[in-house]
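> Below is a structure I'd like to ask you about.
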Amino acid sequence: MKTPLMSLFGLLLVVAANLSVWAWLNRPQEPAAGWSGKITGLSFSPMRRDDNPLLGRLPTPAEIDSDLKFLSGKVTAIRTYGMYDGLELVPELAARHGLNVSAGAWIGPDAASNERELNNLIQIGRIQRNVVRLLVGNEVLLRNDIPVEQLISYIREVQKQVGRRVGTAEPWWIWLKYPELARTVDFIGIHALPYWEGIAVDQAVDYVFNTYDKLRRAYPEKPIIFTEVGWPSAGPVIDRAVPSLVNQARFLRTFLNDIESRDIVYYIVEAFDQPWKINIEGPAGPYWGIYNVDREPKFPMSGAVQQRPAWKQWAGIAVLLALLPALYFALRRQRVGMQGKVLFALVTNFAASGIAWSASIGASQYQTPLSASLWIALVLMQTLALLVLLAEAVEVAEVLWRRNPAREFRPLPFRPDYPYPKVSVHVPIHNEPPEMVQQTLEALARLDYPHYEVIVIDNNTGDPAVWRPVQNLCHNLGSQFRFFHLEYWPGFKAGALNFGFRQTSPDAEIIAVIDSDYIVSPQWLNSLTPYFKDPQVGFVQAPQDYRDSEENLFKRMCYWEYAGFFHIGMIQRNDFNAIIQHGTMTLIRKLALTRTGHWAEWCITEDAELGLRLLCEGFDSVYVKESFGHGLMPDTLSAYKTQRFRWAYGAVQIMKRHLRALLPFACRGLSPSQKYYFVAGWLPWLSDGLALIFVFASLGLTAHLVCTFPPKDLPIAALVFPTISIFCFKIVRSLWLYAAQVKCKFTDSICALIAGLALMHTVGKAVLTGFTTSGRPFVRTPKLERGRPLFSAIAMVWEELVLLMMLWGGAWWVNSIEYFQNTQGQLWISVLLVQSTPYLAAVFMAAINVISSLERQSAPAAETIVNTA
């Protein structure tokens, strides 16, 4: 009872720490001294959540009247921007609620539209007594819609016909640039928006009044008013200007307190958030209102302000998402030490909080159907990526802190009195160098085992000069060795193995399979076949190992990358009877092979598929971690990648075919642990496919961001969080597990890490191809290649090289744009650079392969073979 209670206590501590982090990040802040009073003026646009004047979706007169009634008593005056789309009704409706109006006409490049706007402005200026001033245009010169002379002409036309004060509204520096405009107007309307100029919020109000003072000194006789002044509650960071709810409250409270001592008319931009403005002002456009789009106050004018008022709900969601897997792991994995349970609880809370945080950002923003769909897709992809993180956390916890393994198998000593079963060793070959196969067969002839045969199946080798020497060697080795040459034989390697099965001696009880490049130990069979004494054992697997790791740096990197799976993953899976069967160094009960239907010729990873079916039939597996055979690794990066593509593509084939057996609620076949470890074992490959989707999404978003103005907001949370966190965890996990489980130097661990990263694009491509195609042909992994590795390596990394240049180019492009010289821009650049790492690793591996191969070409092939024996 003590262990479950300790597990629960540790879990509660982690949950408490998680909630504490949420609380600290969302702690109430006192942004500035409180303010109470009546606001002089607000910019007014009556558009609701689903309204968009650009698409002709407009509020009704009743809705406009409702808004003005809502503002009555809270504000003295409002400012409008146009004389169409219902805005021409505002002065009359505002009069009913005691509101003054600074009425504006929208001026743009369309002369006919300008005339209609001006006619309406003149008419309303003549008849509406509550219209206190007229504004001809808004930031017309800033947008460069018309020349200053034309704007002056429009202003003079209105001045002639209306006995009201007439002006226009522009940023402060436009007024200094065009003194002739200042001389024409009856008042100067300035936009003081320090956010757009990258001013820090604590300096912003002083900046606003400094701009006013500059204009006052330049035009001492002209009345000057603030036609727009404000700060957004959301949007991208611009230099030192950080948009947030707290900063919006800080700016407005400080401004309102300071302006009380000054005789200046002002209009805060704006009354209500305007979601439609994202299309014309960018991601900050919707968030300038002091009320949200539902006409609710966004913050109080006194007291504390919270950036995310709903953070407690999202923190609760995060805890609930994390609690179930963390609690299950803590209570069910009794053999895992407390450190492992705490680590898993930390990772689950981190992952769940990341998902909840991203979802909270999306939920707090105004979404269109398209943007909502994109956010949902991004959060779902983030969730899938973080599931991989959880699976890898389980691996770390179980490998490092698992006590008293339940299933640990070692080589068994030879017993003269034991009735060793007869073994039929099958060696499928296809177009293999005869001198390499000779070493394999001669090693089999030296097996220290009483009853065995060797069946060599040459599958579709066209050149007799390649297969006849092997046939002659089998004849010379005696009757134990039988050779079969098959022409136009279907089914690839599985087809050859099924043919070999039909040639097996009737008295053989065990089928052994090795690849044509393996030199086996004489004790291989007598050390492992006694495990078949247990009738439940369906197959016994020894690790793949290699004898040419010291040939060059390229092969050394490949060797330690292979080693991680057999010294880490297979040992963990063996504890739950969920190992992956391999097509070499494997022993299979003949009866079990017959019952499961032989080798699957539809699958290019027939070995792993057979192992899954054997476990589904209720057979047990045995994994002995000691090596009994050593083969040859691929000589080129092209072969290395081709092999991994086949493995990953085959894994997807298996998942698609056996999906029902892997589902959690399938009532027969695999145990829940076996289902988990098969799916979890494939998750890293699936995550590589997801990473490839993220790469193309990032490139597409980058192109959209830098080519569109105003730029759309960067989906920082949904892309930065999974990309960087999973990448960092993968590196830490790899080095940590290698240090604990793999007997190699730290530099070899780094080499393994680089080699693994170099395969990410290949694996991702294989996974995506596997889900969209079927029936990919089997491709053998060539050994002892003597071609031109330089051209092969370059050809095989051209995709990685192109994507590397695109990601680096995107990072440079974003960094070169002033708009992105902020925290969000730098985070986006970091995403692109992190995503480029696997592609850089692939190019680096290609360079290492080229250098190693050029050095190797100076040694004769025969000498290499002798040295590797």
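FYI, nothing fancy with the structure tokens labels: chains A, B, ... in order, residues from 1 per chain, ligands from 1 as they appear.
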Which neighbours of Lys69 in chain A fall inside 10 Å, counting only C-alpha atoms, when residues of the same chain fewer than 2 positions from it are skipped, and could you give them as a list in words?
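Final neighbour list, sorted by chain and number: Glu63, Ile64, Asp65, Ser66, Asp67, Leu71, Ser72, Gly73, Lys74, Leu93, Ala94, Arg96, His97, Gly98 and Leu99 of chain A.
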> If we count only C-alpha atoms, what is near range 535-546 of chain A at a cut-off of 8 Å, once residues fewer than 5 positions away on the same chain are taken out, given as a VMD selection string?
chain A and resid 528 to 529 559 563 566 581 to 582 584 to 589 592 611 614 to 615 618 to 633
> Excluding Met655 in chain A and residues on its chain fewer than 6 positions from it, collect all residues at most 10 Å away from it, counting only C-alpha atoms, and give them as a ChimeraX atom specification.
/A:609,661-662,678-679,682,770-771
> Convert the current residue selection to file output with C-alpha atoms, as a short mmCIF file (atom, residue, chain, number, x, y, z; two decimals), in the first residue's frame.

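File result.cif, as written:
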```cif
data_model
loop_
_atom_site.label_atom_id
_atom_site.label_comp_id
_atom_site.auth_asym_id
_atom_site.auth_seq_id
_atom_site.Cartn_x
_atom_site.Cartn_y
_atom_site.Cartn_z
CA GLU A 609 4.36 -8.37 -39.67
CA ALA A 661 -6.13 -5.81 -33.70
CA LEU A 662 -4.33 -2.72 -32.38
CA PHE A 678 3.47 -1.65 -30.93
CA VAL A 679 1.72 1.68 -31.46
CA TRP A 682 5.81 3.37 -34.34
CA GLY A 770 2.53 4.63 -46.70
CA PHE A 771 -0.74 6.27 -45.74
#
```
> Residues near Trp828 in chain A, anyone? I mean within 8 Å using only C-alpha atoms, not counting same-chain ones fewer than 2 positions away, as a list in words.
Leu714, Ile716, Val720, Ala811, Gln824, Gly825, Gln826, Ser830, Val831 and Leu832 of chain A
> Include N, CA and C atoms and write out the residues we just selected as a PDB file, in the first residue's frame.

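Written output follows (again.pdb):
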```pdb
ATOM      1  N   LEU A 714       1.267  35.408 -36.206  1.00  0.00           N
ATOM      2  CA  LEU A 714       2.001  34.153 -36.222  1.00  0.00           C
ATOM      3  C   LEU A 714       1.381  33.166 -35.238  1.00  0.00           C
ATOM      4  N   ILE A 716       2.235  31.281 -33.002  1.00  0.00           N
ATOM      5  CA  ILE A 716       3.402  30.935 -32.196  1.00  0.00           C
ATOM      6  C   ILE A 716       3.138  29.733 -31.310  1.00  0.00           C
ATOM      7  N   VAL A 720       5.423  26.791 -32.254  1.00  0.00           N
ATOM      8  CA  VAL A 720       6.672  26.905 -31.504  1.00  0.00           C
ATOM      9  C   VAL A 720       6.739  25.847 -30.408  1.00  0.00           C
ATOM     10  N   ALA A 811      13.985  31.928 -42.810  1.00  0.00           N
ATOM     11  CA  ALA A 811      14.458  32.583 -41.586  1.00  0.00           C
ATOM     12  C   ALA A 811      15.133  33.911 -41.901  1.00  0.00           C
ATOM     13  N   GLN A 824       8.133  37.710 -31.225  1.00  0.00           N
ATOM     14  CA  GLN A 824       7.420  36.714 -32.016  1.00  0.00           C
ATOM     15  C   GLN A 824       8.173  36.393 -33.305  1.00  0.00           C
ATOM     16  N   GLY A 825       8.735  37.415 -33.930  1.00  0.00           N
ATOM     17  CA  GLY A 825       9.524  37.161 -35.134  1.00  0.00           C
ATOM     18  C   GLY A 825      10.730  36.294 -34.855  1.00  0.00           C
ATOM     19  N   GLN A 826      11.417  36.557 -33.744  1.00  0.00           N
ATOM     20  CA  GLN A 826      12.585  35.756 -33.395  1.00  0.00           C
ATOM     21  C   GLN A 826      12.195  34.323 -33.045  1.00  0.00           C
ATOM     22  N   SER A 830      13.359  30.908 -34.876  1.00  0.00           N
ATOM     23  CA  SER A 830      13.885  29.739 -34.153  1.00  0.00           C
ATOM     24  C   SER A 830      13.162  28.471 -34.579  1.00  0.00           C
ATOM     25  N   VAL A 831      11.857  28.561 -34.861  1.00  0.00           N
ATOM     26  CA  VAL A 831      11.116  27.394 -35.358  1.00  0.00           C
ATOM     27  C   VAL A 831      11.716  26.914 -36.683  1.00  0.00           C
ATOM     28  N   LEU A 832      11.936  27.844 -37.588  1.00  0.00           N
ATOM     29  CA  LEU A 832      12.481  27.480 -38.905  1.00  0.00           C
ATOM     30  C   LEU A 832      13.876  26.876 -38.769  1.00  0.00           C
TER      31      LEU A 832
END
```
> Taking only C-alpha atoms into account, produce a table as JSON lines in which each residue of range 26-92 of chain A with an atom at most 7 Å from an atom of range 245-268 of chain A appears once, together with its shortest atom pair and the distance in Å to one decimal, ordered by chain and rising number.

```
{"residue": "A:Pro31", "atom": "CA", "partner": "A:Arg250", "partner_atom": "CA", "distance": 4.6}
{"residue": "A:Ala32", "atom": "CA", "partner": "A:Arg250", "partner_atom": "CA", "distance": 5.2}
{"residue": "A:Ala33", "atom": "CA", "partner": "A:Arg253", "partner_atom": "CA", "distance": 6.7}
{"residue": "A:Gly34", "atom": "CA", "partner": "A:Arg253", "partner_atom": "CA", "distance": 6.3}
{"residue": "A:Trp35", "atom": "CA", "partner": "A:Arg253", "partner_atom": "CA", "distance": 5.9}
{"residue": "A:Thr40", "atom": "CA", "partner": "A:Tyr266", "partner_atom": "CA", "distance": 6.4}
{"residue": "A:Gly41", "atom": "CA", "partner": "A:Tyr267", "partner_atom": "CA", "distance": 4.2}
{"residue": "A:Leu42", "atom": "CA", "partner": "A:Tyr267", "partner_atom": "CA", "distance": 4.6}
{"residue": "A:Ser43", "atom": "CA", "partner": "A:Tyr267", "partner_atom": "CA", "distance": 5.9}
```
> Pick out the residues sitting within 7 Å of range 466-473 of chain A, and hand them over as a PDB file with N, CA and C atoms, in the first residue's frame; count only C-alpha atoms, and ignore anything fewer than 5 positions along from it in its own chain.

```
ATOM      1  N   ASN A 431      20.964 -11.289 -55.756  1.00  0.00           N
ATOM      2  CA  ASN A 431      21.993 -10.480 -56.396  1.00  0.00           C
ATOM      3  C   ASN A 431      23.075 -10.041 -55.411  1.00  0.00           C
ATOM      4  N   PRO A 433      26.874 -10.284 -53.539  1.00  0.00           N
ATOM      5  CA  PRO A 433      28.239 -10.653 -53.915  1.00  0.00           C
ATOM      6  C   PRO A 433      28.563 -12.077 -53.438  1.00  0.00           C
ATOM      7  N   PRO A 434      29.006 -12.953 -54.306  1.00  0.00           N
ATOM      8  CA  PRO A 434      29.240 -14.350 -53.912  1.00  0.00           C
ATOM      9  C   PRO A 434      30.255 -14.484 -52.781  1.00  0.00           C
ATOM     10  N   GLN A 438      29.628 -16.400 -49.296  1.00  0.00           N
ATOM     11  CA  GLN A 438      30.540 -17.499 -48.922  1.00  0.00           C
ATOM     12  C   GLN A 438      30.885 -17.412 -47.438  1.00  0.00           C
ATOM     13  N   THR A 461      17.907 -13.600 -59.145  1.00  0.00           N
ATOM     14  CA  THR A 461      19.187 -13.055 -59.574  1.00  0.00           C
ATOM     15  C   THR A 461      19.383 -13.436 -61.036  1.00  0.00           C
ATOM     16  N   PHE A 483      20.606 -25.687 -52.216  1.00  0.00           N
ATOM     17  CA  PHE A 483      20.533 -24.414 -52.944  1.00  0.00           C
ATOM     18  C   PHE A 483      19.386 -24.476 -53.942  1.00  0.00           C
TER      19      PHE A 483
END
```
> So that I can check the surroundings of range 795-800 of chain A, please list as a ChimeraX atom specification every protein, DNA and RNA residue that reaches within 8 Å of it, counting only C-alpha atoms and ignoring chain neighbours fewer than 3 positions away.
/A:637-638,761,791-792,803-804,839-840,842-843,846
> Output as a ChimeraX atom specification all residues of range 366-608 of chain A that backbone DSSP marks as alpha helix (DSSP H).
/A:369-401,434-445,464-477,492-502,524-528,553-564,570-574,590-596,606-608
> What is the CA of Gly289 in chain A-CA of Ser244 in chain A distance in Å, reported with one decimal?
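Distance reported for this atom pair: 12.2 Å.
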> What is the distance, in Å and to one decimal place, between CA of Asp50 in chain A and CA of Trp276 in chain A?
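For CA of Asp50 in chain A relative to CA of Trp276 in chain A, the distance reads 8.0 Å.
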